[in-house]
Structure formats: C-alpha cells, structure tokens
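**Q** Dropping in my_file-v1.txt, which is compact mmCIF, C-alpha atoms:
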# COMPACT_ATOMS: atom_id res chain seq x y z
CA MET U 26 31.35 73.74 29.13
CA THR U 27 33.57 76.83 29.16
CA SER U 28 33.14 80.15 30.91
CA SER U 29 32.13 81.70 27.59
CA THR U 30 29.24 79.26 27.11
CA ILE U 31 25.83 80.92 27.30
CA PHE U 32 23.79 78.80 29.68
CA ASN U 33 20.01 78.56 29.57
CA PRO U 34 18.72 77.46 33.02
CA GLU U 35 15.46 76.23 31.46
CA ASP U 36 17.40 73.43 29.81
CA LEU U 37 17.90 71.89 33.26
CA LEU U 38 14.71 73.00 34.99
CA LEU U 39 12.10 70.29 35.54
CA GLY U 40 14.12 67.43 34.12
CA TYR U 41 14.99 68.74 30.63
CA ALA U 42 18.46 67.23 30.88
CA ASN U 43 17.94 64.55 33.53
CA PRO U 44 16.19 61.28 32.64
CA THR U 45 16.55 60.05 36.23
CA TYR U 46 14.49 62.99 37.48
CA ASP U 47 11.99 62.32 34.70
CA GLN U 48 11.47 58.71 35.76
CA HIS U 49 10.87 59.64 39.39
CA ALA U 50 8.39 62.35 38.30
CA LYS U 51 6.42 59.79 36.30
CA ARG U 52 6.38 57.34 39.19
CA LEU U 53 5.02 60.10 41.43
CA LEU U 54 2.44 61.00 38.79
CA ALA U 55 1.30 57.37 38.61
CA GLN U 56 0.43 57.16 42.31
CA LYS U 57 -3.28 56.36 42.58
CA ASP U 58 -4.01 59.31 44.87
CA VAL U 59 -2.41 61.62 42.30
CA VAL U 60 -4.19 59.94 39.38
CA ALA U 61 -7.51 60.25 41.23
CA ARG U 62 -7.15 64.04 41.42
CA ILE U 63 -6.39 64.23 37.71
CA LEU U 64 -9.42 62.09 36.84
CA LYS U 65 -11.72 64.12 39.07
CA GLY U 66 -10.29 67.41 37.82
CA VAL U 67 -10.59 66.92 34.07
CA ILE U 68 -12.62 63.83 33.14
CA PRO U 69 -16.40 64.44 33.28
CA GLU U 70 -17.29 60.88 34.29
CA PHE U 71 -15.44 61.39 37.59
CA HIS U 72 -16.52 64.92 38.54
CA GLU U 73 -19.14 63.75 41.05
CA ILE U 74 -17.18 60.82 42.50
CA ASP U 75 -15.17 61.34 45.67
CA LEU U 76 -11.41 60.96 45.54
CA THR U 77 -11.25 57.94 47.84
CA THR U 78 -13.70 55.99 45.67
CA ILE U 79 -11.79 56.89 42.52
CA ALA U 80 -8.44 55.82 43.99
CA LYS U 81 -9.64 52.61 45.64
CA GLN U 82 -12.46 51.41 43.38
CA CYS U 83 -12.31 53.05 39.95
CA ILE U 84 -8.67 52.59 38.95
CA GLU U 85 -8.14 49.03 37.80
CA GLY U 86 -4.96 47.28 38.88
CA GLU U 87 -1.85 49.44 38.93
CA PRO U 88 -1.02 52.10 36.32
CA GLU U 89 1.50 50.93 33.71
CA ILE U 90 4.56 53.17 33.60
CA GLY U 91 6.43 53.10 30.32
CA THR U 92 5.72 49.44 29.53
CA ILE U 93 3.15 49.63 26.71
CA PRO U 94 4.51 50.57 23.25
CA VAL U 95 2.46 52.95 21.13
CA ASP U 96 3.45 51.66 17.71
CA MET U 97 1.37 49.26 15.64
CA ASP U 98 1.78 45.52 16.34
CA LYS U 99 3.71 46.24 19.54
CA THR U 100 0.95 47.58 21.78
CA ASN U 101 -1.03 44.39 22.18
CA ALA U 102 2.04 42.17 22.21
CA SER U 103 3.17 43.88 25.42
CA ARG U 104 -0.19 44.56 27.05
CA GLN U 105 -1.16 42.47 30.05
CA ILE U 106 -3.68 44.44 32.09
CA PRO U 107 -3.52 44.78 35.01
CA LYS U 108 0.21 44.60 35.84
CA GLU U 109 2.54 45.61 38.60
CA ILE U 110 3.96 49.12 38.37
CA ARG U 111 7.07 49.28 36.24
CA GLY U 112 9.49 52.20 36.10
CA ASN U 113 11.47 51.50 32.96
CA ASN U 114 12.61 53.72 30.12
CA THR U 115 9.58 55.46 28.66
CA GLU U 116 10.68 57.35 25.57
CA SER U 117 12.24 55.85 22.48
CA ALA U 118 11.65 56.80 18.90
CA SER U 119 12.55 54.52 16.04
CA PRO U 120 11.80 50.88 15.11
CA THR U 121 15.54 50.20 14.98
CA GLU U 122 16.28 51.66 18.42
CA GLY U 123 13.10 50.73 20.28
CA TRP U 124 9.67 52.28 20.21
CA ILE U 125 7.58 55.05 21.66
CA ARG U 126 5.82 54.07 24.88
CA PHE U 127 2.81 55.45 26.69
CA ASP U 128 4.03 57.20 29.84
CA ILE U 129 1.25 56.02 32.15
CA LEU U 130 -1.59 53.77 31.01
CA PHE U 131 -4.45 52.26 32.98
CA HIS U 132 -8.14 51.27 32.87
CA ALA U 133 -10.69 53.09 35.00
CA LYS U 134 -14.24 51.94 35.72
CA VAL U 135 -17.01 54.47 36.32
CA PRO U 136 -20.14 53.48 38.28
CA GLN U 137 -23.29 54.72 36.53
CA THR U 138 -26.84 53.59 37.32
CA GLY U 139 -25.82 50.09 38.28
CA ALA U 140 -23.80 49.51 35.12
CA ARG U 141 -20.08 49.98 34.79
CA ILE U 142 -18.39 51.84 31.97
CA THR U 143 -14.72 51.17 31.35
CA LEU U 144 -12.50 54.00 30.14
CA ILE U 145 -8.91 53.61 28.98
CA VAL U 146 -6.88 56.55 30.25
CA ASN U 147 -3.39 57.54 29.16
CA ILE U 148 -1.50 60.26 31.07
CA GLU U 149 1.59 61.77 29.49
CA ALA U 150 4.11 63.77 31.52
CA GLN U 151 5.56 66.19 28.99
CA LYS U 152 8.54 68.41 29.77
CA THR U 153 7.56 71.02 27.22
CA GLN U 154 4.96 71.82 24.60
CA SER U 155 7.34 74.08 22.67
CA HIS U 156 7.34 73.38 18.95
CA ASN U 157 10.91 74.69 18.77
CA ARG U 158 12.16 72.26 21.39
CA LEU U 159 10.20 69.24 20.18
CA GLY U 160 10.43 69.84 16.46
CA TYR U 161 6.72 69.08 15.98
CA ALA U 162 3.28 70.10 17.24
CA LEU U 163 2.60 68.24 20.47
CA LEU U 164 -1.15 68.15 19.79
CA ARG U 165 -0.53 66.04 16.67
CA ARG U 166 1.36 63.53 18.79
CA ALA U 167 -1.52 63.48 21.26
CA VAL U 168 -3.97 62.71 18.44
CA TYR U 169 -1.76 59.83 17.29
CA TYR U 170 -1.57 58.39 20.81
CA ALA U 171 -5.32 58.62 21.29
CA CYS U 172 -5.97 56.92 17.95
CA ARG U 173 -3.59 54.11 18.90
CA LEU U 174 -5.50 53.64 22.16
CA ILE U 175 -8.60 53.06 20.04
CA SER U 176 -7.12 50.84 17.33
CA SER U 177 -5.14 48.68 19.76
CA GLN U 178 -8.37 47.58 21.44
CA LYS U 179 -9.07 45.07 18.67
CA GLU U 180 -8.59 41.55 20.01
CA THR U 181 -8.04 42.92 23.53
CA GLU U 182 -11.21 44.88 24.37
CA PHE U 183 -13.31 43.56 21.48
CA ALA U 184 -13.08 40.68 19.01
CA LYS U 185 -13.84 40.41 15.31
CA SER U 186 -16.49 43.01 14.41
CA ASN U 187 -17.94 43.63 17.89
CA TYR U 188 -17.32 47.36 17.60
CA ASN U 189 -19.96 48.12 20.22
CA ASP U 190 -17.40 46.95 22.78
CA ILE U 191 -14.89 49.72 21.97
CA LYS U 192 -14.01 51.58 25.16
CA LYS U 193 -13.75 55.33 25.32
CA VAL U 194 -10.21 56.65 25.65
CA TYR U 195 -8.81 59.76 27.27
CA SER U 196 -5.31 60.97 26.56
CA VAL U 197 -4.28 63.50 29.21
CA TRP U 198 -1.11 65.49 28.64
CA ILE U 199 0.49 67.42 31.50
CA CYS U 200 2.97 69.95 30.14
CA MET U 201 5.44 71.51 32.55
CA ASP U 202 5.23 74.78 30.65
CA SER U 203 2.68 76.65 28.55
CA PRO U 204 2.63 78.55 25.24
CA ASP U 205 2.23 81.96 26.90
CA SER U 206 3.43 81.26 30.49
CA LYS U 207 -0.20 81.11 31.69
CA SER U 208 -1.77 77.90 32.96
CA ALA U 209 -4.57 76.42 30.86
CA ILE U 210 -6.62 73.26 30.31
CA ASN U 211 -7.82 72.52 26.78
CA PHE U 212 -10.24 69.78 25.63
CA TYR U 213 -10.38 68.22 22.16
CA ASP U 214 -13.39 65.98 21.52
CA MET U 215 -15.51 64.52 18.74
CA HIS U 216 -18.77 66.35 18.02
CA GLU U 217 -21.74 65.84 15.73
CA ARG U 218 -22.58 68.54 13.16
CA HIS U 219 -25.55 68.64 10.78
CA LEU U 220 -25.17 69.71 7.18
CA LEU U 221 -28.50 68.31 5.90
CA ARG U 222 -31.47 67.61 8.20
CA HIS U 223 -31.10 66.96 11.92
CA THR U 224 -30.57 63.24 12.31
CA LYS U 225 -29.18 62.57 15.76
CA ALA U 226 -26.84 59.69 16.51
CA GLU U 227 -26.25 58.26 19.95
CA LYS U 228 -23.45 60.30 21.49
CA SER U 229 -21.96 57.18 23.04
CA ASP U 230 -21.37 55.79 19.52
CA TYR U 231 -18.99 58.56 18.47
CA ASP U 232 -17.85 60.17 21.72
CA LEU U 233 -14.99 57.69 22.03
CA LEU U 234 -11.89 59.86 22.01
CA SER U 235 -10.89 62.88 24.09
CA ILE U 236 -7.59 64.69 24.38
CA ILE U 237 -6.91 66.94 27.35
CA MET U 238 -3.93 69.27 27.44
CA ILE U 239 -2.96 70.68 30.85
CA TYR U 240 -0.44 73.52 30.65
CA LEU U 241 1.36 74.47 33.87
CA GLY U 242 2.38 78.11 33.53
CA THR U 243 4.22 80.46 35.82
CA ASP U 244 1.07 82.34 36.87
CA ASP U 245 -0.94 81.91 40.07
CA SER U 246 -3.87 79.80 38.91
CA SER U 247 -7.13 79.47 40.84
CA ASN U 248 -7.70 75.98 39.41
CA LYS U 249 -7.19 73.42 42.17
CA LEU U 250 -5.78 70.69 39.93
CA VAL U 251 -3.31 73.09 38.33
CA ARG U 252 -2.14 74.28 41.76
CA PHE U 253 -1.78 70.65 42.86
CA LEU U 254 0.30 69.66 39.83
CA LYS U 255 2.45 72.79 39.99
CA LEU U 256 3.24 72.10 43.64
CA LEU U 257 4.32 68.56 42.77
CA PHE U 258 6.25 69.22 39.58
CA ARG U 259 7.00 72.91 38.99
CA ASP U 260 7.74 74.28 42.45
CA THR U 261 11.50 73.95 42.83
CA GLU U 262 11.74 76.34 45.77
CA LYS U 263 10.04 74.15 48.39
CA SER U 264 11.62 71.17 50.07
CA ALA U 265 9.95 67.76 50.12
CA ALA U 266 8.89 68.39 53.73
CA GLU U 267 7.29 71.72 52.79
CA LYS U 268 5.49 70.11 49.88
CA LYS U 269 4.26 67.28 52.08
CA LYS U 270 2.80 69.74 54.58
CA LEU U 271 0.98 71.73 51.88
CA LEU U 272 -0.34 68.57 50.21
CA GLU U 273 -1.72 67.36 53.51
CA GLU U 274 -3.19 70.69 54.62
CA GLU U 275 -4.45 72.25 51.38
CA PHE U 276 -5.24 69.16 49.33
CA ASN U 277 -6.11 66.70 52.12
CA LEU U 278 -3.70 64.17 50.65
CA ASP U 279 -2.33 61.38 52.79
CA ILE U 280 1.29 61.03 51.73
CA SER U 281 2.25 57.37 51.35
CA SER U 282 5.81 56.21 51.94
CA ASP U 283 6.20 55.69 48.18
CA MET U 284 5.06 59.23 47.41
CA GLU U 285 7.33 60.70 50.08
CA LYS U 286 10.27 58.73 48.69
CA GLU U 287 9.65 59.99 45.16
CA MET U 288 9.26 63.60 46.33
CA ASN U 289 12.46 63.41 48.36
CA THR U 290 14.37 62.00 45.41
CA MET U 291 12.97 64.62 43.03
CA CYS U 292 13.84 67.45 45.39
CA ASN U 293 17.37 66.10 45.80
CA LEU U 294 17.75 65.84 42.04
CA SER U 295 15.91 69.08 41.36
CA GLU U 296 17.39 71.11 38.58
CA GLY U 297 15.63 74.02 40.21
CA ILE U 298 18.25 73.90 42.97
CA PHE U 299 20.91 73.83 40.29
CA GLU U 300 19.24 76.79 38.57
CA ARG U 301 19.16 78.81 41.80
CA GLY U 302 22.87 78.13 42.34
CA ILE U 303 23.59 79.41 38.86
CA GLU U 304 21.44 82.50 39.32
CA GLN U 305 23.12 83.23 42.65
CA GLY U 306 26.48 82.90 40.93
CA ILE U 307 25.31 85.16 38.12
CA SER U 308 24.34 87.88 40.60
CA GLN U 309 27.61 87.53 42.45
CA GLY U 310 29.60 87.49 39.23
CA ILE U 311 27.81 90.54 37.84
CA SER U 312 28.52 92.46 41.06
CA GLN U 313 32.17 91.47 40.96
CA GLY U 314 32.40 92.11 37.25
CA ILE U 315 31.04 95.65 37.08
CA SER U 316 34.57 96.98 36.68
CA GLN U 317 35.35 94.27 34.15
CA GLY U 318 32.16 94.57 32.13
CA ILE U 319 28.77 92.98 32.69
CA SER U 320 29.18 90.25 30.05
CA GLN U 321 32.38 88.97 31.57
CA GLY U 322 30.85 89.14 35.04
CA ARG U 323 27.80 87.16 33.92
CA ALA U 324 29.97 84.46 32.34
CA GLN U 325 32.06 84.23 35.51
CA GLY U 326 28.91 84.11 37.63
CA ILE U 327 27.47 81.25 35.58
CA LEU U 328 30.67 79.28 36.04
CA GLN U 329 30.69 79.97 39.79
CA GLY U 330 27.07 78.92 40.09
CA GLU U 331 27.66 75.68 38.20
CA SER U 332 30.77 74.90 40.22
CA GLY U 333 29.00 75.57 43.50
CA MET U 334 26.12 73.29 42.67
CA ILE U 335 28.40 70.51 41.47
CA LEU U 336 30.38 70.75 44.71
CA SER U 337 27.12 70.54 46.65
CA MET U 338 26.10 67.39 44.78
CA LEU U 339 29.53 65.83 45.35
CA LYS U 340 29.22 66.48 49.10
CA LYS U 341 25.80 64.83 49.11
CA GLY U 342 27.23 61.71 47.53
CA TYR U 343 25.91 61.93 43.97
CA ASP U 344 27.80 59.72 41.55
CA LEU U 345 29.84 61.39 38.82
CA ALA U 346 27.64 60.12 35.98
CA SER U 347 24.50 61.66 37.51
CA ILE U 348 26.27 64.98 38.10
CA ALA U 349 27.53 65.01 34.53
CA ASP U 350 24.01 64.24 33.27
CA ILE U 351 22.48 67.12 35.23
CA SER U 352 25.23 69.71 34.76
CA GLN U 353 26.38 68.80 31.24
CA TRP U 354 29.98 68.99 32.49
CA SER U 355 32.35 66.21 31.45
CA ILE U 356 33.24 63.63 34.09
CA SER U 357 36.93 64.52 33.78
CA LYS U 358 36.16 68.19 34.49
CA ILE U 359 34.01 67.24 37.49
CA GLU U 360 36.85 65.05 38.79
CA GLN U 361 39.28 67.98 38.48
CA LEU U 362 36.90 70.21 40.45
CA ALA U 363 36.38 67.53 43.10
CA LYS U 364 40.12 66.94 43.53
CA ALA U 365 40.76 70.65 43.81
CA HIS U 366 38.37 70.73 46.77
CA HIS U 367 39.65 67.45 48.28
CA LEU U 368 36.40 65.60 47.53
CA LEU U 369 38.07 62.80 45.56
Show the structure stored in the file as structure tokens.

**A**
Amino acid sequence: MTSSTIFNPEDLLLGYANPTYDQHAKRLLAQKDVVARILKGVIPEFHEIDLTTIAKQCIEGEPEIGTIPVDMDKTNASRQIPKEIRGNNTESASPTEGWIRFDILFHAKVPQTGARITLIVNIEAQKTQSHNRLGYALLRRAVYYACRLISSQKETEFAKSNYNDIKKVYSVWICMDSPDSKSAINFYDMHERHLLRHTKAEKSDYDLLSIIMIYLGTDDSSNKLVRFLKLLFRDTEKSAAEKKKLLEEEFNLDISSDMEKEMNTMCNLSEGIFERGIEQGISQGISQGISQGISQGRAQGILQGESGMILSMLKKGYDLASIADISQWSISKIEQLAKAHHLL
C-alpha cells in the first residue's frame, strides 16, 4: 500500500479483512446466553419464555459453528447433533475448494401445553448486506439456506414419506450494516392466500420456514436486541471491560469466562481501533498538509495512521501474518517499519 492509495476504513471495520476476528465473533455469537437473547427477541415461540429457561433447557446440545455444509449431499453426511462446539473455517464457496457452511446451527425445543416442538435454527453472522460488496442479493442466499434446512431433514428428522415430522426452520441473519444506515428487523414467512373460496389449511402444515434479517445500523435504536448486538459487534469504541459492565448492568448478562475471552480477543483485534488510528492520522496529516494541499495531507495522514496502528500491534506482540492480514501491508514492509523503530 502506497501513500497515494485511497483507503476505505470500512474495509477493515468489523472484520471485513480479518478472518481471525470473524471466527471469534461467531464463537461469541454462539454462546448460549447470547443465542437465548436472539431467540427471545425475534422468534415468536420464545417471546414468553424467560432467558434462563431458553439458555439452559431449550437449546439442545451445543451450537454447531461452521461444521455443517449447506450443499446437497454434504449436509447430512456431516451432521451429528448434538456436537461439541467447533470453531473451524465457516465460509467456502465451490465444490472443488470446499463448500458453504452454516455459520451457527442448532436445535431448540419449545415447551407448549405439555408437548415439545422442535425448531431447527440457523444464525448467520454477516459482515455486510451490500449487493455491491457481495455480488448478489443476500436475501436470495438466505432463502437457499432455509430451503436446505428443510430438505436436509429427510432421513435425519423424518424417514421415507413421514412428512408430518418435518421440523420448522428459522434462518436468522445478523448483518453488521444496513441498507440505509438505520437498524431494522425484517421477517419473511409463508402465508396462505385464497383465490377461490375460503378453505383453510392448518397453519402448522405450511408455516415451516421463516427468514429473519437483523440489520445493525449506525442509529440509536430503541430495540433491546439491536442494542445488545450492536454493543457486542459494532461498538468499536468501548473496551472489553466497558462492554462487560454494560452487558451486566443493562442486559443482566452474566459474563462467562469464555465470553470474556472472546470479547477481549475481539477488542484486541478490533479493526475499529485500526480505523481510529487512521482517522487520527488523517486529521493530523490534513492539519500539517494545509500548506501542501488537502489531498496530499490526507494521503500522508492515512499513511501515518496505518503506521501508528501497525507499531501498536507490534508492541502488543501480534505476529506479522496477523498484522498483514488486518492492515493489508506486505510482511516485508511491516518488517521494515518494525526495524526502523527497533521492534525487530
């Protein structure tokens, strides 16, 4: 990266360029106390159930993280429910290179009038919903995932033609941005319409698939779940300790050692810190560059901000490969910077 490169901080914010950060975010998202708040916040079957019951009694086993392929003939071959938590690679695209995997997949049981209804819930942590960034409409991908959750039940949830045993599926997508910068929650369900006469079917026979899109914008939302998720995943200004305090006080969440570890790691890796260093450098560079011209000052400020953040990561003991992954600098250039400051 040269001083003339135009840098877009959003490319690094919230894990855009850092798969390590992404994996830790998904592990945090898969914590049962976090999952419980998502279920209660957006899935109707859990609205009236308290969070402790959801976390301890309704979530079966441990959520699968990136272990179940989406594609046909691979889903059931890999599925063994319940399993231990796994934190492996979660996104891969082609049959020759691997396959697409569900981010977080688990079964949830809902107590109702003495009977128990099993739902299959998939939660996807999505960096962006932007068509330009993804190259496709995210909602179409969500439909595909939800349909695979239905079709893959054959010979796992039901056998032969016992279609009455199909379990309802929810595919919940948490996007770290939104189409218009405002937070939103959208539902997509199956509904009955009548063209001729008014013959009613049992809702439970067709209400088998729901897609929920949660968009985390930059606005101040009054929705409790949105505030909770933004604090965990979008707020790059607060330290892990500050987040822990707010989670305990505002959301009555007991922070487990695993959750605290993931939050600490995410905050240490946070591209938001990197972004702030760049912006600080931009401001400084613009001030210094008024006599030289604003464009030159901005370019110099970007370079200063990047250099400062890389030096900070070197002092904290980050390995060169991780720094290169986050900053998009080459390892040789990072080594030159480190040697110039007697850090190598």

**Q** Which residue, U:Ser357, U:Thr143, U:Ser203, U:Thr224, has the smallest gap to Leu163 of chain U when you use only C-alpha atoms?

**A**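 Closest residue, counting only C-alpha atoms: U:Ser203.
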
**Q** Find, counting only C-alpha atoms, the residue in U:Ser155, U:Ile348, U:Met238, U:Ala61 that gets nearest to Val197 of chain U.

**A**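 Answer, going by the shortest atom-to-atom distance: U:Met238.
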
**Q** Show me the residues around (26.9, 62.9, 34.9) - criterion: an atom at most 12 Å away, only C-alpha atoms counted - as a list in words.

**A** Ala42, Asn43, Pro44, Thr45, Leu294, Ile335, Met338, Leu339, Tyr343, Asp344, Leu345, Ala346, Ser347, Ile348, Ala349, Asp350, Ile351, Ser352, Gln353, Trp354, Ser355, Ile356, Ser357, Lys358, Ile359 and Glu360 of chain U

**Q** Could you jot down the atom CA of Ser247 of chain U to atom CA of Ala209 of chain U separation for me, Å, one decimal place?

**A**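 Answer for the atom CA of Ser247 of chain U to atom CA of Ala209 of chain U separation: 10.7 Å.
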
**Q** Pull the neighbourhood of (7.4, 70.5, 23.0) for me: all residues within 10 Å in file coordinates, counting all atoms listed in the file, as a ChimeraX atom specification.

**A** /U:151-164,200-204

**Q** For atom CA of Leu234 of chain U and atom CA of Cys172 of chain U, determine how far apart the two atoms are, in Å to one decimal place.

**A**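 Calculated distance between atom CA of Leu234 of chain U and atom CA of Cys172 of chain U is 7.8 Å.
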
**Q** For Lys134 of chain U, which residue among U:Tyr213, U:Phe276, U:Phe71, U:Phe253 is the nearest when counting only C-alpha atoms?

**A**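 Comparing U:Tyr213, U:Phe276, U:Phe71, U:Phe253 against Lys134 of chain U, the winner is U:Phe71.
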
**Q** Using Å and a single decimal, report how far atom CA of Lys364 of chain U sits from atom CA of Lys341 of chain U.

**A**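 Interatomic distance, atom CA of Lys341 of chain U to atom CA of Lys364 of chain U: 15.5 Å.
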
**Q** Of the candidates U:Val59, U:Ile142, U:Ala150, U:Ala50, which shows the shortest atom-to-atom distance to Phe127 of chain U, using all atoms listed in the file?

**A**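 Under the stated criterion, the closest residue is U:Ala150.
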
**Q** Of the candidates U:Ile129, U:Ile68, U:Leu256, U:Leu76, which one gets nearest to Leu144 of chain U if we count all atoms listed in the file?

**A** U:Ile68

**Q** Give me the residues near segment 187-190 of chain U as a PyMOL selection string, where near means some atom within 10 Å (using all atoms listed in the file) and where sequence neighbours in that chain fewer than 4 positions away do not count.

**A** chain U and resi 143+178-180+182-183+229-230

**Q** Which residue, U:Tyr46, U:Lys269, U:Thr243, U:Val135, has the smallest gap to Glu85 of chain U when you use only C-alpha atoms?

**A**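 Of U:Tyr46, U:Lys269, U:Thr243, U:Val135, the one nearest Glu85 of chain U, counting only C-alpha atoms, is U:Val135.
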
**Q** For Asp244 of chain U, list every protein, DNA or RNA residue within 12 Å, evaluated using only C-alpha atoms, and leave out those in the same chain fewer than 3 positions away; present the list as a PyMOL selection string.

**A** chain U and resi 202-203+205-209+240-241+247-248+251-252+255+259-260

**Q** Take every atom of segment 274-291 of chain U listed in the file, pad by 6 Å on each side, and give me the axis-aligned box centre and edge lengths in Å, one decimal, as lines of an AutoDock Vina configuration file.

**A**
center_x = 4.1
center_y = 64.0
center_z = 48.8
size_x = 32.5
size_y = 28.6
size_z = 23.6

**Q** Could you pull the residues within 12 Å of Leu257 of chain U, counting all atoms listed in the file, minus those fewer than 3 positions along the same chain, as a CSV table (one decimal) with C-alpha atoms, keeping the file's coordinate frame?

**A**
chain,number,residue,atom,x,y,z
U,39,LEU,CA,12.1,70.3,35.5
U,49,HIS,CA,10.9,59.6,39.4
U,50,ALA,CA,8.4,62.4,38.3
U,51,LYS,CA,6.4,59.8,36.3
U,52,ARG,CA,6.4,57.3,39.2
U,53,LEU,CA,5.0,60.1,41.4
U,54,LEU,CA,2.4,61.0,38.8
U,59,VAL,CA,-2.4,61.6,42.3
U,199,ILE,CA,0.5,67.4,31.5
U,201,MET,CA,5.4,71.5,32.6
U,241,LEU,CA,1.4,74.5,33.9
U,250,LEU,CA,-5.8,70.7,39.9
U,251,VAL,CA,-3.3,73.1,38.3
U,252,ARG,CA,-2.1,74.3,41.8
U,253,PHE,CA,-1.8,70.6,42.9
U,254,LEU,CA,0.3,69.7,39.8
U,260,ASP,CA,7.7,74.3,42.4
U,261,THR,CA,11.5,74.0,42.8
U,262,GLU,CA,11.7,76.3,45.8
U,263,LYS,CA,10.0,74.2,48.4
U,264,SER,CA,11.6,71.2,50.1
U,265,ALA,CA,10.0,67.8,50.1
U,266,ALA,CA,8.9,68.4,53.7
U,267,GLU,CA,7.3,71.7,52.8
U,268,LYS,CA,5.5,70.1,49.9
U,269,LYS,CA,4.3,67.3,52.1
U,270,LYS,CA,2.8,69.7,54.6
U,271,LEU,CA,1.0,71.7,51.9
U,272,LEU,CA,-0.3,68.6,50.2
U,276,PHE,CA,-5.2,69.2,49.3
U,284,MET,CA,5.1,59.2,47.4
U,285,GLU,CA,7.3,60.7,50.1
U,287,GLU,CA,9.6,60.0,45.2
U,288,MET,CA,9.3,63.6,46.3
U,289,ASN,CA,12.5,63.4,48.4
U,291,MET,CA,13.0,64.6,43.0
U,292,CYS,CA,13.8,67.4,45.4
U,295,SER,CA,15.9,69.1,41.4
